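Okay, protein-v1.cif is below, mmCIF, C-alpha atoms and all ligand atoms:
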```cif
data_work
#
loop_
_atom_site.label_atom_id
_atom_site.label_comp_id
_atom_site.auth_asym_id
_atom_site.auth_seq_id
_atom_site.Cartn_x
_atom_site.Cartn_y
_atom_site.Cartn_z
CA MET A 1 129.48 44.54 -78.89
CA ALA A 2 130.55 41.12 -77.71
CA SER A 3 131.08 37.84 -79.50
CA VAL A 4 128.66 35.36 -77.99
CA LEU A 5 128.71 31.59 -78.39
CA VAL A 6 125.26 30.05 -77.94
CA VAL A 7 125.28 26.31 -77.18
CA GLU A 8 121.68 25.16 -77.59
CA ASP A 9 120.21 22.12 -79.32
CA ASP A 10 116.65 23.42 -79.69
CA ALA A 11 116.36 25.18 -83.07
CA VAL A 12 113.46 27.42 -82.01
CA ILE A 13 115.16 28.61 -78.83
CA ARG A 14 118.43 29.04 -80.73
CA ALA A 15 116.77 31.27 -83.31
CA ALA A 16 115.15 33.34 -80.54
CA LEU A 17 118.50 33.76 -78.76
CA ILE A 18 120.21 34.80 -81.97
CA GLU A 19 117.52 37.38 -82.62
CA VAL A 20 117.74 38.92 -79.13
CA LEU A 21 121.53 38.93 -79.04
CA SER A 22 122.07 40.32 -82.53
CA GLY A 23 119.37 42.88 -81.76
CA HIS A 24 121.63 44.08 -78.94
CA GLY A 25 124.52 44.39 -81.34
CA HIS A 26 126.34 41.18 -80.43
CA ALA A 27 128.04 38.86 -82.90
CA VAL A 28 126.62 35.38 -82.40
CA ARG A 29 128.05 31.95 -83.20
CA THR A 30 126.17 28.80 -82.37
CA ALA A 31 126.81 25.18 -81.50
CA HIS A 32 124.07 22.54 -81.40
CA GLN A 33 125.83 20.11 -79.10
CA GLY A 34 128.32 19.99 -76.26
CA PHE A 35 131.39 18.77 -78.11
CA GLU A 36 130.79 21.26 -80.88
CA GLY A 37 130.52 23.98 -78.23
CA LEU A 38 133.87 22.99 -76.72
CA ARG A 39 135.48 23.03 -80.14
CA GLU A 40 134.10 26.52 -80.80
CA VAL A 41 135.49 27.79 -77.49
CA THR A 42 138.99 26.83 -78.58
CA ARG A 43 138.71 27.66 -82.28
CA HIS A 44 136.86 30.98 -82.08
CA PRO A 45 137.25 32.12 -78.46
CA PRO A 46 134.08 34.03 -77.62
CA ASP A 47 133.72 36.86 -75.10
CA ILE A 48 130.94 34.94 -73.38
CA VAL A 49 129.13 31.60 -73.65
CA VAL A 50 125.39 31.06 -73.23
CA LEU A 51 125.13 27.36 -72.39
CA ASP A 52 121.98 25.25 -72.37
CA LEU A 53 122.24 22.46 -69.81
CA GLY A 54 120.06 19.91 -71.62
CA LEU A 55 122.18 18.85 -74.57
CA PRO A 56 121.87 15.62 -76.57
CA ASP A 57 125.48 14.45 -76.48
CA LEU A 58 126.89 15.60 -73.16
CA ASP A 59 125.55 16.72 -69.80
CA GLY A 60 125.64 20.54 -69.83
CA LEU A 61 127.31 20.52 -66.42
CA ASP A 62 130.15 18.43 -67.83
CA VAL A 63 130.44 20.83 -70.76
CA LEU A 64 130.73 23.65 -68.25
CA ARG A 65 133.47 21.81 -66.33
CA MET A 66 135.34 21.06 -69.54
CA ILE A 67 135.15 24.70 -70.60
CA ARG A 68 136.56 25.63 -67.18
CA GLY A 69 139.41 23.21 -67.79
CA ILE A 70 140.58 25.23 -70.77
CA SER A 71 139.19 28.72 -70.36
CA ARG A 72 138.05 31.45 -68.00
CA VAL A 73 135.54 32.73 -70.55
CA PRO A 74 132.37 33.92 -68.77
CA VAL A 75 129.56 31.34 -68.97
CA LEU A 76 125.89 32.11 -68.55
CA VAL A 77 123.94 28.90 -68.05
CA ALA A 78 120.32 28.33 -69.09
CA THR A 79 118.64 25.74 -66.91
CA ALA A 80 115.12 24.34 -66.77
CA ARG A 81 115.43 23.55 -63.05
CA ASP A 82 114.83 26.31 -60.58
CA ASP A 83 115.94 24.71 -57.33
CA GLU A 84 118.66 25.65 -54.96
CA THR A 85 120.69 22.44 -55.28
CA GLU A 86 120.86 22.90 -59.04
CA ILE A 87 121.88 26.56 -58.83
CA ILE A 88 124.60 25.82 -56.28
CA ARG A 89 125.89 23.00 -58.46
CA LEU A 90 126.10 25.32 -61.44
CA LEU A 91 127.87 28.11 -59.62
CA ASN A 92 130.31 25.64 -58.05
CA ALA A 93 131.07 24.18 -61.47
CA GLY A 94 132.13 27.64 -62.68
CA ALA A 95 129.01 29.31 -64.09
CA ASP A 96 129.16 33.09 -63.84
CA ASP A 97 125.40 33.41 -63.71
CA TYR A 98 122.29 31.48 -64.71
CA LEU A 99 118.89 31.95 -66.31
CA VAL A 100 115.89 29.79 -65.53
CA LYS A 101 113.89 28.75 -68.59
CA PRO A 102 111.69 30.22 -69.88
CA PHE A 103 113.36 33.62 -69.70
CA SER A 104 112.70 36.84 -71.58
CA GLY A 105 115.02 38.40 -74.12
CA GLY A 106 115.31 41.43 -71.89
CA GLN A 107 116.51 39.35 -68.96
CA LEU A 108 119.04 37.53 -71.13
CA ALA A 109 120.47 40.79 -72.48
CA ALA A 110 120.67 42.37 -69.02
CA ARG A 111 122.34 39.36 -67.38
CA LEU A 112 124.78 39.05 -70.24
CA ALA A 113 125.75 42.72 -69.97
CA ALA A 114 126.20 42.36 -66.19
CA VAL A 115 128.44 39.30 -66.52
CA LEU A 116 130.52 41.03 -69.21
CA ARG A 117 130.96 44.09 -66.99
CA ARG A 118 132.12 41.98 -64.07
CA SER A 119 134.48 39.95 -66.23
CA ALA A 120 136.50 42.85 -67.63
CA PRO A 121 140.20 42.39 -66.83
CA ALA A 122 140.87 43.08 -63.15
CA ASP A 123 143.16 46.03 -63.77
CA VAL A 124 140.62 47.71 -66.00
CA ARG A 125 137.92 47.01 -63.43
CA ALA A 126 140.17 48.34 -60.69
CA ALA A 127 140.34 51.63 -62.56
CA GLY A 128 136.58 51.66 -61.80
CA GLY A 129 134.76 54.70 -63.05
CA SER A 130 138.00 56.63 -63.33
CA ASP A 131 139.39 57.11 -66.80
CA LEU A 132 142.76 55.99 -68.05
CA ARG A 133 144.75 58.71 -69.77
CA VAL A 134 148.01 58.04 -71.53
CA ALA A 135 149.16 61.06 -73.53
CA ASP A 136 146.54 61.54 -76.28
CA LEU A 137 144.82 58.30 -75.47
CA HIS A 138 141.75 58.50 -73.28
CA ILE A 139 139.98 55.36 -72.12
CA ASP A 140 136.69 55.34 -70.25
CA PRO A 141 136.25 51.84 -68.74
CA ALA A 142 132.69 52.51 -67.56
CA ALA A 143 131.45 53.63 -70.99
CA ARG A 144 133.89 51.25 -72.70
CA THR A 145 135.05 53.92 -75.09
CA ALA A 146 138.55 54.79 -76.22
CA ARG A 147 139.49 58.09 -77.83
CA LEU A 148 142.69 59.04 -79.54
CA ALA A 149 143.20 62.81 -79.75
CA GLY A 150 139.46 63.22 -79.23
CA ARG A 151 138.44 60.76 -81.93
CA GLU A 152 136.52 57.71 -80.74
CA LEU A 153 138.10 54.46 -81.88
CA PRO A 154 135.69 51.88 -83.33
CA LEU A 155 136.96 48.93 -81.29
CA THR A 156 135.58 45.45 -80.79
CA ARG A 157 135.18 44.29 -77.23
CA ARG A 158 138.46 42.36 -77.29
CA GLU A 159 140.40 45.20 -78.87
CA PHE A 160 139.05 47.54 -76.22
CA ASP A 161 140.05 45.18 -73.40
CA LEU A 162 143.50 44.72 -74.88
CA LEU A 163 144.06 48.44 -75.27
CA ALA A 164 142.69 49.21 -71.80
CA TYR A 165 144.86 46.49 -70.27
CA LEU A 166 148.01 47.79 -71.97
CA ALA A 167 147.12 51.37 -71.01
CA ALA A 168 146.62 50.32 -67.38
CA HIS A 169 150.20 49.00 -67.56
CA ALA A 170 151.66 51.80 -69.66
CA ASP A 171 155.44 51.67 -70.15
CA GLN A 172 155.68 48.07 -68.95
CA VAL A 173 156.48 45.24 -71.31
CA ILE A 174 153.72 42.66 -71.02
CA SER A 175 154.21 39.13 -72.34
CA ARG A 176 151.69 37.67 -74.78
CA GLN A 177 151.19 34.82 -72.34
CA ARG A 178 150.12 37.23 -69.63
CA ILE A 179 147.81 39.03 -72.06
CA LEU A 180 146.17 35.73 -73.05
CA THR A 181 145.69 34.90 -69.38
CA GLU A 182 144.42 38.29 -68.23
CA VAL A 183 142.57 39.64 -71.24
CA TRP A 184 141.50 36.48 -73.09
CA ARG A 185 141.34 34.33 -69.96
CA GLN A 186 142.65 31.48 -72.08
CA PRO A 187 146.34 30.94 -71.39
CA TYR A 188 146.49 28.03 -73.85
CA LEU A 189 145.62 30.01 -76.95
CA GLU A 190 148.22 30.62 -79.64
CA GLU A 191 150.24 33.75 -78.86
CA GLN A 192 149.66 34.80 -82.44
CA THR A 193 146.06 35.62 -81.43
CA VAL A 194 147.43 38.64 -79.57
CA ASP A 195 149.34 39.83 -82.63
CA VAL A 196 146.27 39.60 -84.84
CA HIS A 197 144.38 41.89 -82.46
CA LEU A 198 147.37 44.13 -82.02
CA SER A 199 147.54 44.72 -85.80
CA ALA A 200 143.85 45.56 -85.86
CA LEU A 201 144.35 48.02 -83.00
CA ARG A 202 147.32 49.62 -84.74
CA ARG A 203 145.34 49.98 -87.93
CA LYS A 204 142.45 51.67 -86.13
CA MET A 205 144.85 53.96 -84.27
CA GLY A 206 146.69 54.84 -87.45
CA GLU A 207 149.94 53.30 -86.21
CA LYS A 208 152.67 51.70 -88.30
CA ALA A 209 154.16 48.48 -86.95
CA ARG A 210 157.64 49.74 -87.87
CA GLN A 211 157.33 53.13 -86.25
CA PRO A 212 154.53 52.96 -83.73
CA ARG A 213 153.73 55.84 -81.42
CA TYR A 214 151.96 53.83 -78.71
CA LEU A 215 151.95 50.11 -79.42
CA HIS A 216 155.47 48.74 -79.39
CA THR A 217 156.49 45.15 -79.87
CA VAL A 218 159.53 44.27 -77.80
CA ARG A 219 161.15 41.39 -79.61
CA GLY A 220 161.17 38.13 -77.75
CA ILE A 221 159.54 39.68 -74.69
CA GLY A 222 156.14 41.16 -75.35
CA ILE A 223 154.17 44.31 -75.96
CA LYS A 224 154.42 47.74 -74.44
CA LEU A 225 152.12 50.73 -74.61
CA VAL A 226 154.46 53.69 -74.53
CA GLY A 227 153.31 56.76 -72.59
CA SER A 228 155.74 59.46 -73.67
CA PRO A 229 157.57 59.10 -76.99
CA CA B 301 118.13 21.62 -74.69
#
```

Translate this structure into structure tokens?
Ligand code: CA
Amino acid sequence: MASVLVVEDDAVIRAALIEVLSGHGHAVRTAHQGFEGLREVTRHPPDIVVLDLGLPDLDGLDVLRMIRGISRVPVLVATARDDETEIIRLLNAGADDYLVKPFSGGQLAARLAAVLRRSAPADVRAAGGSDLRVADLHIDPAARTARLAGRELPLTRREFDLLAYLAAHADQVISRQRILTEVWRQPYLEEQTVDVHLSALRRKMGEKARQPRYLHTVRGIGIKLVGSP
């Protein structure tokens, strides 16, 4: 499951996108205009943005450039123009992929999944198909599942990425800034964002903040996933 921000001014298309995306288990937020979309990216950082290029208030390409100014969130652009100049312009402006309108729900879901796979944090991607094992913790990056002592943890996409990133750097203290840059791809977010997700992870793993087994906070420095107690 991913959190998807759909920026689309056409109500009919928006409704169709919401239906397809929620049907694939994604959590969808929407923005009707460009500025609203930019505000959403900073207020509720999504895992991926589906951006319509023809917006009433701003040129979609400018919205894309502005998103790139503040975030590395993956962006899938929906364009009405299917010519090479347009596609090159989009990719150069920082689009991760594009869809030419009209497109099917199946194509949208498949492209979205592909972009999300490619955009997993580099270290997790580098682990490739091979699993990460840290003591009782077992992470399968390909299947995107995490098990603790054999029990699958019900993680959101972001929680999974955070856990996988920390596991890939087990026994190293990682700063919140680095986590925001590598996992969130938004170095300008509040560091508190990391702590909110860390608490959720701890809760799901049955950890206590005061006496954690795996997820340790190192005061004033960062967070460390501890391999052996
Ligand atoms: Ca439009």

**Surrounding residues of Ile179 of chain A excluding itself and chain neighbours under 3 positions, 9 Å, only C-alpha atoms, as a list in words** =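 The contact residues come out as Leu162, Tyr165, Leu166, Ile174, Ser175, Arg176, Glu182, Val183, Trp184, Arg185, Pro187, Glu191 and Val194 of chain A.
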
**Request:** Within 6 Å of ligand CA 301 (chain B), which residues show up when you count all atoms listed in the file? List them as a PyMOL selection string, please.
**Result:** chain A and resi 8-10+52+54-55

Create the file for the chosen residues now, containing C-alpha atoms and written as a compact mmCIF listing (two decimals), in the coordinates of the input.
```txt
# COMPACT_ATOMS: atom_id res chain seq x y z
CA GLU A 8 121.68 25.16 -77.59
CA ASP A 9 120.21 22.12 -79.32
CA ASP A 10 116.65 23.42 -79.69
CA ASP A 52 121.98 25.25 -72.37
CA GLY A 54 120.06 19.91 -71.62
CA LEU A 55 122.18 18.85 -74.57
```

**Request:** One decimal, Å: what's the distance from atom CA of Val196 of chain A over to atom CA of Arg158 of chain A, could you say?
**Result:** 11.2 Å

Selection: 10 Å around His44 of chain A, all atoms listed in the file, excl. self and same-chain fewer than 4 positions, as a compact mmCIF listing (two decimals) with C-alpha atoms, keeping the file's coordinate frame:
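What landed in around_31.txt:
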```
# COMPACT_ATOMS: atom_id res chain seq x y z
CA SER A 3 131.08 37.84 -79.50
CA LEU A 5 128.71 31.59 -78.39
CA ARG A 29 128.05 31.95 -83.20
CA ARG A 39 135.48 23.03 -80.14
CA GLU A 40 134.10 26.52 -80.80
```

**Request:** Quick one: residues within 12 Å of (146.1, 55.9, -85.9) (file frame), counting only C-alpha atoms, please, as a list in words.
**Result:** Asp136, Leu137, Arg147, Leu148, Ala149, Gly150, Arg151, Glu152, Leu153, Pro154, Ser199, Ala200, Leu201, Arg202, Arg203, Lys204, Met205, Gly206, Glu207, Lys208, Ala209, Gln211, Pro212, Arg213, Tyr214 and Leu215 of chain A

**Request:** Rank nothing, just name the residue among A:Glu36, A:Ile87, A:Val7, A:Ala110 nearest to Val75 of chain A, using all atoms listed in the file.
**Result:**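 Of the candidates, the smallest distance to Val75 of chain A is held by A:Val7.
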
**Prompt:** For the atom pair atom CA of Gly60 of chain A and atom CA of Gly34 of chain A, what is the interatomic distance in Å to one decimal place?
**Reply:**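 Value for the atom CA of Gly60 of chain A-atom CA of Gly34 of chain A distance: 7.0 Å.
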
**Asked** From the list A:Ile221, A:Val77, A:Ala164, A:Leu198, which residue is nearest Arg178 of chain A when using only C-alpha atoms?
**Response** A:Ile221

**Request:** Around the point (114.0, 30.0, -79.5) in the file's coordinates, collect all residues with an atom within 12 Å, using only C-alpha atoms, and return them as a ChimeraX atom specification.
**Result:** /A:6,8-21,52,101-105

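Across the model, the gap from atom CA of Gln192 of chain A to atom CA of His32 of chain A is 28.4 Å.
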
**Asked** From the set A:Gln172, A:Thr156, A:Thr79, A:Thr145, which residue has the shortest atom-to-atom contact distance to Ala27 of chain A, counting all atoms listed in the file?
**Response** A:Thr156

**Prompt:** Quick one: residues within 10 Å of Arg117 of chain A, all atoms listed in the file counted, chain neighbours fewer than 6 positions away excluded, as a list in words?
**Reply:** Arg111, Arg125, Pro141, Ala142 and Arg144 of chain A

Selection from above, C-alpha atoms, as a PDB file, keeping the file's coordinate frame, can you write it?
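The resulting file, selection05.pdb, is shown below:
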```
ATOM      1  CA  ARG A 111     122.340  39.360 -67.380  1.00  0.00           C
ATOM      2  CA  ARG A 125     137.920  47.010 -63.430  1.00  0.00           C
ATOM      3  CA  PRO A 141     136.250  51.840 -68.740  1.00  0.00           C
ATOM      4  CA  ALA A 142     132.690  52.510 -67.560  1.00  0.00           C
ATOM      5  CA  ARG A 144     133.890  51.250 -72.700  1.00  0.00           C
TER       6      ARG A 144
END
```

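Considering the residues A:Val218, A:Val115, A:Val226, A:Ala93 and counting all atoms listed in the file, Ala168 of chain A has its shortest atom-to-atom contact with A:Val226.
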
**Prompt:** Hey, what's within 10 Å of Arg65 of chain A if we count only C-alpha atoms and toss same-chain stuff fewer than 4 positions away? As number ranges by chain, please?
**Reply:** A: 60-61, 69-71, 90, 92-95

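Using only C-alpha atoms, the shortest contact distance between Phe160 of chain A and any of A:Met1, A:Ile67, A:Val173, A:Leu51 is found at A:Met1.
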
**Item:** Residue nearest Ala109 of chain A - candidates A:Ala167, A:Leu76, A:Pro56, A:Gly222, atoms counted: all atoms listed in the file
**Value:** A:Leu76
